[in-house]
$ cat structure_39.cif   # mmCIF, C-alpha atoms, pLDDT in the B column; chains and numbers go by the auth columns
data_start
loop_
_atom_site.group_PDB
_atom_site.id
_atom_site.type_symbol
_atom_site.label_atom_id
_atom_site.label_comp_id
_atom_site.label_asym_id
_atom_site.label_seq_id
_atom_site.Cartn_x
_atom_site.Cartn_y
_atom_site.Cartn_z
_atom_site.B_iso_or_equiv
_atom_site.auth_seq_id
_atom_site.auth_asym_id
ATOM 1 C CA GLY A 1 7.409 0.629 9.979 83.00 1311 A
ATOM 2 C CA ASP A 2 5.674 -1.314 7.249 89.00 1312 A
ATOM 3 C CA SER A 3 2.977 -3.788 8.177 93.00 1313 A
ATOM 4 C CA VAL A 4 0.443 -6.161 6.630 96.00 1314 A
ATOM 5 C CA THR A 5 -2.925 -6.980 8.143 96.00 1315 A
ATOM 6 C CA GLN A 6 -4.615 -10.085 6.919 94.00 1316 A
ATOM 7 C CA MET A 7 -8.054 -11.524 7.384 83.00 1317 A
ATOM 8 C CA GLU A 8 -8.216 -13.848 10.340 81.00 1318 A
ATOM 9 C CA GLY A 9 -8.919 -17.473 9.654 82.00 1319 A
ATOM 10 C CA PRO A 10 -9.535 -20.230 9.436 95.00 1320 A
ATOM 11 C CA VAL A 11 -11.804 -20.052 6.414 96.00 1321 A
ATOM 12 C CA THR A 12 -13.852 -23.091 5.434 97.00 1322 A
ATOM 13 C CA LEU A 13 -15.648 -23.206 2.091 97.00 1323 A
ATOM 14 C CA SER A 14 -17.432 -25.761 -0.024 97.00 1324 A
ATOM 15 C CA GLU A 15 -15.966 -26.685 -3.382 97.00 1325 A
ATOM 16 C CA GLU A 16 -16.869 -24.193 -6.149 97.00 1326 A
ATOM 17 C CA ALA A 17 -17.581 -21.413 -3.647 98.00 1327 A
ATOM 18 C CA PHE A 18 -16.227 -17.878 -4.121 98.00 1328 A
ATOM 19 C CA LEU A 19 -13.163 -16.963 -2.101 97.00 1329 A
ATOM 20 C CA THR A 20 -12.071 -13.597 -0.760 97.00 1330 A
ATOM 21 C CA ILE A 21 -9.181 -13.156 1.662 97.00 1331 A
ATOM 22 C CA ASN A 22 -8.721 -9.559 2.760 97.00 1332 A
ATOM 23 C CA CYS A 23 -5.316 -7.923 2.997 98.00 1333 A
ATOM 24 C CA THR A 24 -4.473 -4.325 3.846 98.00 1334 A
ATOM 25 C CA TYR A 25 -1.079 -2.762 4.291 96.00 1335 A
ATOM 26 C CA THR A 26 0.676 0.199 5.832 95.00 1336 A
ATOM 27 C CA ALA A 27 3.758 1.434 4.016 91.00 1337 A
ATOM 28 C CA THR A 28 5.430 4.568 2.741 86.00 1338 A
ATOM 29 C CA GLY A 29 5.758 5.052 -0.973 86.00 1339 A
ATOM 30 C CA TYR A 30 4.833 2.288 -3.364 87.00 1340 A
ATOM 31 C CA PRO A 31 5.647 -1.207 -2.122 91.00 1341 A
ATOM 32 C CA SER A 32 5.424 -4.351 -4.202 91.00 1342 A
ATOM 33 C CA LEU A 33 2.664 -6.684 -3.044 94.00 1343 A
ATOM 34 C CA PHE A 34 2.560 -10.462 -3.084 95.00 1344 A
ATOM 35 C CA TRP A 35 0.425 -13.442 -2.214 97.00 1345 A
ATOM 36 C CA TYR A 36 2.220 -16.599 -1.178 97.00 1346 A
ATOM 37 C CA VAL A 37 0.694 -20.022 -0.523 97.00 1347 A
ATOM 38 C CA GLN A 38 2.017 -22.697 1.812 96.00 1348 A
ATOM 39 C CA TYR A 39 0.896 -26.306 1.539 94.00 1349 A
ATOM 40 C CA PRO A 40 1.375 -28.647 4.510 89.00 1350 A
ATOM 41 C CA GLY A 41 5.008 -29.518 5.138 85.00 1351 A
ATOM 42 C CA GLU A 42 6.284 -27.238 2.412 88.00 1352 A
ATOM 43 C CA GLY A 43 7.837 -23.822 1.963 91.00 1353 A
ATOM 44 C CA LEU A 44 6.142 -20.799 0.461 94.00 1354 A
ATOM 45 C CA GLN A 45 5.173 -20.574 -3.193 95.00 1355 A
ATOM 46 C CA LEU A 46 4.658 -17.247 -4.915 94.00 1356 A
ATOM 47 C CA LEU A 47 1.053 -17.190 -6.084 97.00 1357 A
ATOM 48 C CA LEU A 48 0.852 -13.739 -7.640 96.00 1358 A
ATOM 49 C CA LYS A 49 2.289 -10.253 -7.399 95.00 1359 A
ATOM 50 C CA ALA A 50 1.663 -6.609 -8.275 95.00 1360 A
ATOM 51 C CA THR A 51 4.317 -3.928 -8.339 91.00 1361 A
ATOM 52 C CA LYS A 52 2.350 -0.728 -8.876 91.00 1362 A
ATOM 53 C CA ALA A 53 -1.036 0.794 -8.202 93.00 1363 A
ATOM 54 C CA ASP A 54 -3.981 -0.668 -10.166 94.00 1364 A
ATOM 55 C CA ASP A 55 -1.912 -3.665 -11.282 95.00 1365 A
ATOM 56 C CA LYS A 56 -3.804 -6.937 -11.205 97.00 1366 A
ATOM 57 C CA GLY A 57 -1.858 -10.065 -10.409 96.00 1367 A
ATOM 58 C CA SER A 58 -3.339 -13.397 -11.465 97.00 1368 A
ATOM 59 C CA ASN A 59 -2.388 -17.057 -11.422 97.00 1369 A
ATOM 60 C CA LYS A 60 -4.233 -20.403 -11.310 96.00 1370 A
ATOM 61 C CA GLY A 61 -7.610 -18.654 -11.162 97.00 1371 A
ATOM 62 C CA PHE A 62 -6.584 -16.407 -8.267 98.00 1372 A
ATOM 63 C CA GLU A 63 -6.584 -12.629 -8.672 98.00 1373 A
ATOM 64 C CA ALA A 64 -5.642 -9.608 -6.594 98.00 1374 A
ATOM 65 C CA THR A 65 -5.654 -5.899 -7.494 98.00 1375 A
ATOM 66 C CA TYR A 66 -3.248 -3.354 -5.991 97.00 1376 A
ATOM 67 C CA ARG A 67 -5.501 -0.601 -4.605 97.00 1377 A
ATOM 68 C CA LYS A 68 -3.440 2.365 -3.495 94.00 1378 A
ATOM 69 C CA GLU A 69 -6.449 4.413 -2.402 95.00 1379 A
ATOM 70 C CA THR A 70 -7.580 1.733 0.060 96.00 1380 A
ATOM 71 C CA THR A 71 -4.094 0.262 0.679 96.00 1381 A
ATOM 72 C CA SER A 72 -5.495 -3.176 -0.083 97.00 1382 A
ATOM 73 C CA PHE A 73 -4.577 -6.282 -2.032 98.00 1383 A
ATOM 74 C CA HIS A 74 -7.458 -8.705 -1.522 98.00 1384 A
ATOM 75 C CA LEU A 75 -7.147 -12.235 -2.893 98.00 1385 A
ATOM 76 C CA GLU A 76 -10.103 -13.662 -4.854 98.00 1386 A
ATOM 77 C CA LYS A 77 -10.992 -16.840 -6.681 98.00 1387 A
ATOM 78 C CA GLY A 78 -14.299 -17.487 -8.358 97.00 1388 A
ATOM 79 C CA SER A 79 -14.519 -21.234 -7.731 96.00 1389 A
ATOM 80 C CA VAL A 80 -12.283 -22.944 -5.192 98.00 1390 A
ATOM 81 C CA GLN A 81 -11.208 -26.563 -5.321 97.00 1391 A
ATOM 82 C CA VAL A 82 -10.238 -29.012 -2.597 97.00 1392 A
ATOM 83 C CA SER A 83 -6.646 -28.730 -3.828 96.00 1393 A
ATOM 84 C CA ASP A 84 -6.658 -25.010 -2.899 97.00 1394 A
ATOM 85 C CA SER A 85 -6.658 -25.945 0.784 97.00 1395 A
ATOM 86 C CA ALA A 86 -3.528 -24.297 2.205 97.00 1396 A
ATOM 87 C CA VAL A 87 -2.328 -21.287 4.176 97.00 1397 A
ATOM 88 C CA TYR A 88 -2.249 -18.011 2.257 97.00 1398 A
ATOM 89 C CA PHE A 89 0.092 -15.147 3.141 97.00 1399 A
ATOM 90 C CA CYS A 90 -0.084 -11.562 1.977 97.00 1400 A
ATOM 91 C CA ALA A 91 3.296 -9.812 1.909 95.00 1401 A
ATOM 92 C CA LEU A 92 5.015 -6.619 0.830 93.00 1402 A
ATOM 93 C CA SER A 93 8.492 -5.507 -0.126 90.00 1403 A
ATOM 94 C CA ASN A 94 9.246 -1.821 0.070 86.00 1404 A
ATOM 95 C CA PRO A 95 12.320 -0.279 -1.540 77.00 1405 A
ATOM 96 C CA HIS A 96 11.379 3.103 -0.033 75.00 1406 A
ATOM 97 C CA SER A 97 11.722 2.080 3.586 74.00 1407 A
ATOM 98 C CA GLY A 98 13.896 0.190 6.015 64.00 1408 A
ATOM 99 C CA SER A 99 12.222 -3.015 4.892 64.00 1409 A
ATOM 100 C CA ALA A 100 13.796 -2.942 1.465 69.00 1410 A
ATOM 101 C CA ARG A 101 15.009 -6.306 0.228 80.00 1411 A
ATOM 102 C CA GLN A 102 12.856 -8.190 2.710 88.00 1412 A
ATOM 103 C CA LEU A 103 9.302 -9.419 2.852 92.00 1413 A
ATOM 104 C CA THR A 104 6.911 -8.256 5.540 93.00 1414 A
ATOM 105 C CA PHE A 105 4.189 -10.874 5.960 95.00 1415 A
ATOM 106 C CA GLY A 106 0.665 -10.944 7.245 96.00 1416 A
ATOM 107 C CA SER A 107 -0.299 -13.562 9.789 95.00 1417 A
ATOM 108 C CA GLY A 108 -1.617 -16.030 7.223 96.00 1418 A
ATOM 109 C CA THR A 109 -5.099 -17.377 6.521 96.00 1419 A
ATOM 110 C CA GLN A 110 -5.805 -21.084 6.694 96.00 1420 A
ATOM 111 C CA LEU A 111 -8.213 -22.110 3.916 97.00 1421 A
ATOM 112 C CA THR A 112 -9.992 -25.462 3.964 97.00 1422 A
ATOM 113 C CA VAL A 113 -12.151 -26.449 1.022 97.00 1423 A
ATOM 114 C CA LEU A 114 -14.625 -29.280 1.578 97.00 1424 A
ATOM 115 C CA PRO A 115 -15.798 -31.548 -1.246 95.00 1425 A
ATOM 116 C CA LYS B 1 15.573 -25.701 -13.318 63.00 894 B
ATOM 117 C CA ALA B 2 16.450 -26.632 -9.755 76.00 895 B
ATOM 118 C CA GLY B 3 14.711 -24.707 -7.009 92.00 896 B
ATOM 119 C CA VAL B 4 16.032 -23.445 -3.716 96.00 897 B
ATOM 120 C CA THR B 5 17.536 -26.354 -1.791 97.00 898 B
ATOM 121 C CA GLN B 6 17.725 -26.385 1.981 97.00 899 B
ATOM 122 C CA THR B 7 19.524 -28.984 4.052 97.00 900 B
ATOM 123 C CA PRO B 8 18.859 -30.729 6.277 97.00 901 B
ATOM 124 C CA ARG B 9 15.059 -30.967 6.211 96.00 902 B
ATOM 125 C CA TYR B 10 14.800 -31.861 9.881 97.00 903 B
ATOM 126 C CA LEU B 11 17.054 -31.342 12.883 96.00 904 B
ATOM 127 C CA ILE B 12 16.757 -32.124 16.540 98.00 905 B
ATOM 128 C CA LYS B 13 19.202 -30.358 18.849 98.00 906 B
ATOM 129 C CA THR B 14 19.663 -29.997 22.565 98.00 907 B
ATOM 130 C CA ARG B 15 19.395 -26.685 24.364 98.00 908 B
ATOM 131 C CA GLY B 16 22.789 -24.958 24.484 98.00 909 B
ATOM 132 C CA GLN B 17 24.109 -26.571 21.303 98.00 910 B
ATOM 133 C CA GLN B 18 24.711 -24.747 18.054 98.00 911 B
ATOM 134 C CA VAL B 19 23.384 -25.529 14.594 98.00 912 B
ATOM 135 C CA THR B 20 24.228 -24.678 10.990 98.00 913 B
ATOM 136 C CA LEU B 21 21.633 -24.679 8.221 98.00 914 B
ATOM 137 C CA SER B 22 22.449 -24.602 4.532 98.00 915 B
ATOM 138 C CA CYS B 23 20.759 -23.049 1.523 98.00 916 B
ATOM 139 C CA SER B 24 21.576 -23.332 -2.172 97.00 917 B
ATOM 140 C CA PRO B 25 19.755 -20.676 -4.220 96.00 918 B
ATOM 141 C CA ILE B 26 18.450 -20.955 -7.735 95.00 919 B
ATOM 142 C CA SER B 27 21.252 -20.703 -10.265 93.00 920 B
ATOM 143 C CA GLY B 28 21.799 -17.055 -11.142 90.00 921 B
ATOM 144 C CA HIS B 29 20.149 -15.742 -7.994 91.00 922 B
ATOM 145 C CA ARG B 30 22.553 -13.660 -5.955 91.00 923 B
ATOM 146 C CA SER B 31 20.288 -12.560 -3.113 92.00 924 B
ATOM 147 C CA VAL B 32 19.570 -15.009 -0.317 95.00 925 B
ATOM 148 C CA SER B 33 17.272 -14.277 2.606 95.00 926 B
ATOM 149 C CA TRP B 34 16.387 -16.229 5.715 97.00 927 B
ATOM 150 C CA TYR B 35 13.101 -16.296 7.603 97.00 928 B
ATOM 151 C CA GLN B 36 11.925 -17.915 10.812 98.00 929 B
ATOM 152 C CA GLN B 37 8.391 -19.283 10.931 97.00 930 B
ATOM 153 C CA THR B 38 6.699 -20.110 14.225 96.00 931 B
ATOM 154 C CA PRO B 39 3.036 -20.533 15.150 92.00 932 B
ATOM 155 C CA GLY B 40 3.221 -17.643 17.603 89.00 933 B
ATOM 156 C CA GLN B 41 5.265 -15.058 15.719 92.00 934 B
ATOM 157 C CA GLY B 42 4.516 -16.045 12.140 93.00 935 B
ATOM 158 C CA LEU B 43 7.103 -15.311 9.474 96.00 936 B
ATOM 159 C CA GLN B 44 9.931 -13.087 10.598 96.00 937 B
ATOM 160 C CA PHE B 45 12.875 -11.818 8.567 95.00 938 B
ATOM 161 C CA LEU B 46 16.318 -12.803 9.800 97.00 939 B
ATOM 162 C CA PHE B 47 18.808 -11.409 7.266 93.00 940 B
ATOM 163 C CA GLU B 48 19.584 -10.972 3.599 93.00 941 B
ATOM 164 C CA TYR B 49 22.840 -11.463 1.720 94.00 942 B
ATOM 165 C CA PHE B 50 23.960 -10.329 -1.696 92.00 943 B
ATOM 166 C CA SER B 51 27.383 -11.011 -3.181 90.00 944 B
ATOM 167 C CA GLU B 52 28.691 -12.262 0.166 93.00 945 B
ATOM 168 C CA THR B 53 27.603 -9.086 1.978 93.00 946 B
ATOM 169 C CA GLN B 54 24.840 -8.810 4.549 93.00 947 B
ATOM 170 C CA ARG B 55 22.622 -6.007 3.306 89.00 948 B
ATOM 171 C CA ASN B 56 19.760 -6.225 5.737 88.00 949 B
ATOM 172 C CA LYS B 57 19.177 -7.694 9.168 92.00 950 B
ATOM 173 C CA GLY B 58 16.033 -8.353 11.171 92.00 951 B
ATOM 174 C CA ASN B 59 15.484 -7.950 14.870 93.00 952 B
ATOM 175 C CA PHE B 60 17.050 -11.124 16.191 96.00 953 B
ATOM 176 C CA PRO B 61 19.742 -11.584 18.849 96.00 954 B
ATOM 177 C CA GLY B 62 23.373 -11.964 17.924 96.00 955 B
ATOM 178 C CA ARG B 63 23.129 -15.727 18.415 97.00 956 B
ATOM 179 C CA PHE B 64 21.701 -15.781 14.907 98.00 957 B
ATOM 180 C CA SER B 65 24.279 -15.236 12.198 97.00 958 B
ATOM 181 C CA GLY B 66 24.779 -16.059 8.598 97.00 959 B
ATOM 182 C CA ARG B 67 27.115 -15.869 5.673 97.00 960 B
ATOM 183 C CA GLN B 68 27.145 -16.217 1.941 97.00 961 B
ATOM 184 C CA PHE B 69 29.787 -17.799 -0.207 96.00 962 B
ATOM 185 C CA SER B 70 31.121 -16.749 -3.599 95.00 963 B
ATOM 186 C CA ASN B 71 28.823 -19.274 -5.309 94.00 964 B
ATOM 187 C CA SER B 72 25.835 -17.589 -3.578 94.00 965 B
ATOM 188 C CA ARG B 73 25.193 -20.550 -1.287 97.00 966 B
ATOM 189 C CA SER B 74 24.359 -19.415 2.214 98.00 967 B
ATOM 190 C CA GLU B 75 24.499 -20.774 5.711 98.00 968 B
ATOM 191 C CA MET B 76 22.889 -19.595 8.885 98.00 969 B
ATOM 192 C CA ASN B 77 24.120 -20.457 12.331 98.00 970 B
ATOM 193 C CA VAL B 78 22.359 -20.366 15.655 98.00 971 B
ATOM 194 C CA SER B 79 24.527 -20.648 18.746 96.00 972 B
ATOM 195 C CA THR B 80 23.495 -21.499 22.304 97.00 973 B
ATOM 196 C CA LEU B 81 20.148 -22.863 21.219 98.00 974 B
ATOM 197 C CA GLU B 82 17.059 -22.090 23.269 98.00 975 B
ATOM 198 C CA LEU B 83 13.750 -23.926 23.294 97.00 976 B
ATOM 199 C CA GLY B 84 12.162 -20.897 21.629 96.00 977 B
ATOM 200 C CA ASP B 85 14.405 -21.338 18.592 98.00 978 B
ATOM 201 C CA SER B 86 12.320 -24.323 17.540 98.00 979 B
ATOM 202 C CA ALA B 87 10.873 -23.259 14.216 97.00 980 B
ATOM 203 C CA LEU B 88 10.771 -23.760 10.484 97.00 981 B
ATOM 204 C CA TYR B 89 13.670 -21.854 8.929 98.00 982 B
ATOM 205 C CA LEU B 90 13.050 -20.795 5.374 97.00 983 B
ATOM 206 C CA CYS B 91 15.551 -19.650 2.822 97.00 984 B
ATOM 207 C CA ALA B 92 14.533 -17.571 -0.184 96.00 985 B
ATOM 208 C CA SER B 93 16.455 -16.404 -3.227 94.00 986 B
ATOM 209 C CA SER B 94 16.053 -13.659 -5.782 90.00 987 B
ATOM 210 C CA ARG B 95 18.041 -12.324 -8.706 85.00 988 B
ATOM 211 C CA THR B 96 18.719 -8.941 -7.142 75.00 989 B
ATOM 212 C CA ASP B 97 16.488 -7.209 -4.641 69.00 990 B
ATOM 213 C CA GLY B 98 13.347 -9.288 -4.601 66.00 991 B
ATOM 214 C CA GLY B 99 11.175 -6.714 -6.312 68.00 992 B
ATOM 215 C CA ASP B 100 9.729 -9.484 -8.457 72.00 993 B
ATOM 216 C CA GLY B 101 9.330 -11.843 -5.539 80.00 994 B
ATOM 217 C CA TYR B 102 11.414 -14.448 -3.812 90.00 995 B
ATOM 218 C CA THR B 103 11.548 -18.197 -4.415 93.00 996 B
ATOM 219 C CA PHE B 104 11.465 -20.174 -1.206 95.00 997 B
ATOM 220 C CA GLY B 105 12.936 -23.506 -0.281 96.00 998 B
ATOM 221 C CA SER B 106 11.031 -26.190 1.621 95.00 999 B
ATOM 222 C CA GLY B 107 12.670 -25.186 4.871 96.00 1000 B
ATOM 223 C CA THR B 108 14.550 -26.809 7.721 97.00 1001 B
ATOM 224 C CA ARG B 109 12.457 -27.873 10.688 97.00 1002 B
ATOM 225 C CA LEU B 110 14.546 -27.314 13.831 98.00 1003 B
ATOM 226 C CA THR B 111 13.408 -28.781 17.111 98.00 1004 B
ATOM 227 C CA VAL B 112 15.277 -27.838 20.279 98.00 1005 B
ATOM 228 C CA VAL B 113 14.788 -30.182 23.238 97.00 1006 B
#
$ encode --input "structure_39.cif" --output "structure tokens"
Amino acid sequence: GDSVTQMEGPVTLSEEAFLTINCTYTATGYPSLFWYVQYPGEGLQLLLKATKADDKGSNKGFEATYRKETTSFHLEKGSVQVSDSAVYFCALSNPHSGSARQLTFGSGTQLTVLP
Amino acid sequence: KAGVTQTPRYLIKTRGQQVTLSCSPISGHRSVSWYQQTPGQGLQFLFEYFSETQRNKGNFPGRFSGRQFSNSRSEMNVSTLELGDSALYLCASSRTDGGDGYTFGSGTRLTVV
């Protein structure tokens, strides 16, 4: 079945540092890929998405590019802020498999940004 | 516009009891999904409803059930609660099939004692 493998955390960075959180996936066909963020005590917020190969999703300074050849969707931000501290989840939805109309999530990466 | 609303926010139940959680999707969203989040298992898909029909179901025992009403509001029920059912239950809605992403509610924190 489909699966998402995400960089293990926790990740601790200083403010204004560069962020990369790795995400790779296993899926048949062409899934849609997402990054969600979860702040303490809250639900998940969609951060960005990409629905086809070579698409770049971006939002709030975060970016991720759908790489079919490496089955990856790594999250990057050039300069993190303390307010970016949260848990980040990579996820996919695949209309070509049994996991259509559902999200398959990675294990999440806890990011802490220090001032 | 209003987001996805889940009630209640917190619940404490005793082992063996049953519980019903409620979810009101974004207006115009007809697909509602439920997820269980635990520290050990992460985020796991429970089921998805569209136009009052369950279209997809995750790998959970029959104690977990759900339904959707004609106004797209959804409920999930867990019967004969076990300690391991303690989790954050998240509801998510989408217009159709979630290809553009789902909008999540803040969740219901269920504690089974």
$ resolve_selection --input "structure_39.cif" --expression "the PyMOL selection byres ((chain B) within 12 of (chain A))" --output "MDAnalysis selection string"
chainID B and resid 896:899 902:903 924:943 947:952 981:1002
$ residues_around --input "structure_39.cif" --residues "Leu1003 in chain B" --least-positions-apart "5" --cutoff "12 Å" --atoms "all atoms listed in the file" --output "ChimeraX atom specification"
/B:900-908,911-914,929-931,970-971,974-983
$ write_last_selection --input "structure_39.cif" --atoms "C-alpha atoms" --output "mmCIF file, keeping the file's coordinate frame"
data_model
loop_
_atom_site.group_PDB
_atom_site.id
_atom_site.type_symbol
_atom_site.label_atom_id
_atom_site.label_comp_id
_atom_site.auth_asym_id
_atom_site.auth_seq_id
_atom_site.Cartn_x
_atom_site.Cartn_y
_atom_site.Cartn_z
ATOM 1 C CA THR B 900 19.524 -28.984 4.052
ATOM 2 C CA PRO B 901 18.859 -30.729 6.277
ATOM 3 C CA ARG B 902 15.059 -30.967 6.211
ATOM 4 C CA TYR B 903 14.800 -31.861 9.881
ATOM 5 C CA LEU B 904 17.054 -31.342 12.883
ATOM 6 C CA ILE B 905 16.757 -32.124 16.540
ATOM 7 C CA LYS B 906 19.202 -30.358 18.849
ATOM 8 C CA THR B 907 19.663 -29.997 22.565
ATOM 9 C CA ARG B 908 19.395 -26.685 24.364
ATOM 10 C CA GLN B 911 24.711 -24.747 18.054
ATOM 11 C CA VAL B 912 23.384 -25.529 14.594
ATOM 12 C CA THR B 913 24.228 -24.678 10.990
ATOM 13 C CA LEU B 914 21.633 -24.679 8.221
ATOM 14 C CA GLN B 929 11.925 -17.915 10.812
ATOM 15 C CA GLN B 930 8.391 -19.283 10.931
ATOM 16 C CA THR B 931 6.699 -20.110 14.225
ATOM 17 C CA ASN B 970 24.120 -20.457 12.331
ATOM 18 C CA VAL B 971 22.359 -20.366 15.655
ATOM 19 C CA LEU B 974 20.148 -22.863 21.219
ATOM 20 C CA GLU B 975 17.059 -22.090 23.269
ATOM 21 C CA LEU B 976 13.750 -23.926 23.294
ATOM 22 C CA GLY B 977 12.162 -20.897 21.629
ATOM 23 C CA ASP B 978 14.405 -21.338 18.592
ATOM 24 C CA SER B 979 12.320 -24.323 17.540
ATOM 25 C CA ALA B 980 10.873 -23.259 14.216
ATOM 26 C CA LEU B 981 10.771 -23.760 10.484
ATOM 27 C CA TYR B 982 13.670 -21.854 8.929
ATOM 28 C CA LEU B 983 13.050 -20.795 5.374
#
$ residues_near_point --input "structure_39.cif" --point "(4.2, 4.5, -0.4)" --cutoff "10 Å" --atoms "only C-alpha atoms" --output "PyMOL selection string"
chain A and resi 1312+1336-1342+1378+1381+1404-1407
$ residues_near_point --input "structure_39.cif" --point "(-6.8, -7.6, 7.1)" --cutoff "12 Å" --atoms "only C-alpha atoms" --output "PDB file with C-alpha atoms, in the frame of the given file"
ATOM      1  CA  SER A1313       2.977  -3.788   8.177  1.00 93.00           C
ATOM      2  CA  VAL A1314       0.443  -6.161   6.630  1.00 96.00           C
ATOM      3  CA  THR A1315      -2.925  -6.980   8.143  1.00 96.00           C
ATOM      4  CA  GLN A1316      -4.615 -10.085   6.919  1.00 94.00           C
ATOM      5  CA  MET A1317      -8.054 -11.524   7.384  1.00 83.00           C
ATOM      6  CA  GLU A1318      -8.216 -13.848  10.340  1.00 81.00           C
ATOM      7  CA  GLY A1319      -8.919 -17.473   9.654  1.00 82.00           C
ATOM      8  CA  THR A1330     -12.071 -13.597  -0.760  1.00 97.00           C
ATOM      9  CA  ILE A1331      -9.181 -13.156   1.662  1.00 97.00           C
ATOM     10  CA  ASN A1332      -8.721  -9.559   2.760  1.00 97.00           C
ATOM     11  CA  CYS A1333      -5.316  -7.923   2.997  1.00 98.00           C
ATOM     12  CA  THR A1334      -4.473  -4.325   3.846  1.00 98.00           C
ATOM     13  CA  TYR A1335      -1.079  -2.762   4.291  1.00 96.00           C
ATOM     14  CA  THR A1336       0.676   0.199   5.832  1.00 95.00           C
ATOM     15  CA  THR A1380      -7.580   1.733   0.060  1.00 96.00           C
ATOM     16  CA  THR A1381      -4.094   0.262   0.679  1.00 96.00           C
ATOM     17  CA  SER A1382      -5.495  -3.176  -0.083  1.00 97.00           C
ATOM     18  CA  PHE A1383      -4.577  -6.282  -2.032  1.00 98.00           C
ATOM     19  CA  HIS A1384      -7.458  -8.705  -1.522  1.00 98.00           C
ATOM     20  CA  LEU A1385      -7.147 -12.235  -2.893  1.00 98.00           C
ATOM     21  CA  PHE A1399       0.092 -15.147   3.141  1.00 97.00           C
ATOM     22  CA  CYS A1400      -0.084 -11.562   1.977  1.00 97.00           C
ATOM     23  CA  ALA A1401       3.296  -9.812   1.909  1.00 95.00           C
ATOM     24  CA  PHE A1415       4.189 -10.874   5.960  1.00 95.00           C
ATOM     25  CA  GLY A1416       0.665 -10.944   7.245  1.00 96.00           C
ATOM     26  CA  SER A1417      -0.299 -13.562   9.789  1.00 95.00           C
ATOM     27  CA  GLY A1418      -1.617 -16.030   7.223  1.00 96.00           C
ATOM     28  CA  THR A1419      -5.099 -17.377   6.521  1.00 96.00           C
TER      29      THR A1419
END
$ atom_distance --input "structure_39.cif" --atom1 "CA of Ser920 in chain B" --atom2 "CA of Gly959 in chain B"
19.7 Å
$ residues_around --input "structure_39.cif" --residues "Ser1324 in chain A" --least-positions-apart "4" --cutoff "9 Å" --atoms "all atoms listed in the file" --output "list in words"
Phe1328, Val1390, Gln1391, Val1392, Thr1422, Val1423, Leu1424 and Pro1425 of chain A
$ residues_around --input "structure_39.cif" --residues "Phe962 in chain B" --least-positions-apart "5" --cutoff "8 Å" --atoms "only C-alpha atoms" --output "count of residues only"
3
$ resolve_selection --input "structure_39.cif" --expression "the PyMOL selection byres ((chain A and resi 1373) around 6)" --output "list in words"
Gly1367, Ser1368, Phe1372, Ala1374, Leu1385 and Glu1386 of chain A
$ atom_distance --input "structure_39.cif" --atom1 "CA of Arg960 in chain B" --atom2 "CA of Arg923 in chain B"
12.7 Å
$ atom_distance --input "structure_39.cif" --atom1 "CA of Tyr1349 in chain A" --atom2 "CA of Thr1375 in chain A"
23.3 Å
$ decode --input "structure_39.cif" --residues "range 953-961 of chain B" --atoms "N, CA, C and O atoms" --output "short mmCIF file (atom, residue, chain, number, x, y, z; two decimals), in the first residue's frame"
data_model
loop_
_atom_site.label_atom_id
_atom_site.label_comp_id
_atom_site.auth_asym_id
_atom_site.auth_seq_id
_atom_site.Cartn_x
_atom_site.Cartn_y
_atom_site.Cartn_z
N PHE B 953 -9.88 -0.36 11.42
CA PHE B 953 -10.26 -0.26 12.82
C PHE B 953 -11.36 -1.27 13.11
O PHE B 953 -12.12 -1.65 12.22
N PRO B 954 -11.46 -1.71 14.37
CA PRO B 954 -12.50 -2.70 14.71
C PRO B 954 -13.90 -2.12 14.57
O PRO B 954 -14.09 -0.90 14.51
N GLY B 955 -14.87 -3.00 14.54
CA GLY B 955 -16.25 -2.61 14.34
C GLY B 955 -16.82 -1.74 15.45
O GLY B 955 -17.90 -1.16 15.29
N ARG B 956 -16.09 -1.63 16.57
CA ARG B 956 -16.55 -0.74 17.64
C ARG B 956 -16.57 0.73 17.19
O ARG B 956 -17.25 1.56 17.80
N PHE B 957 -15.82 1.01 16.16
CA PHE B 957 -15.76 2.36 15.61
C PHE B 957 -16.75 2.45 14.46
O PHE B 957 -16.66 1.68 13.49
N SER B 958 -17.65 3.37 14.53
CA SER B 958 -18.64 3.54 13.46
C SER B 958 -18.92 5.02 13.28
O SER B 958 -18.56 5.86 14.12
N GLY B 959 -19.56 5.32 12.19
CA GLY B 959 -19.87 6.71 11.93
C GLY B 959 -21.11 6.83 11.08
O GLY B 959 -21.68 5.82 10.62
N ARG B 960 -21.51 8.07 10.86
CA ARG B 960 -22.60 8.33 9.94
C ARG B 960 -22.55 9.79 9.51
O ARG B 960 -21.90 10.62 10.17
N GLN B 961 -23.25 10.06 8.45
CA GLN B 961 -23.32 11.43 7.96
C GLN B 961 -24.78 11.76 7.69
O GLN B 961 -25.53 10.93 7.15
#
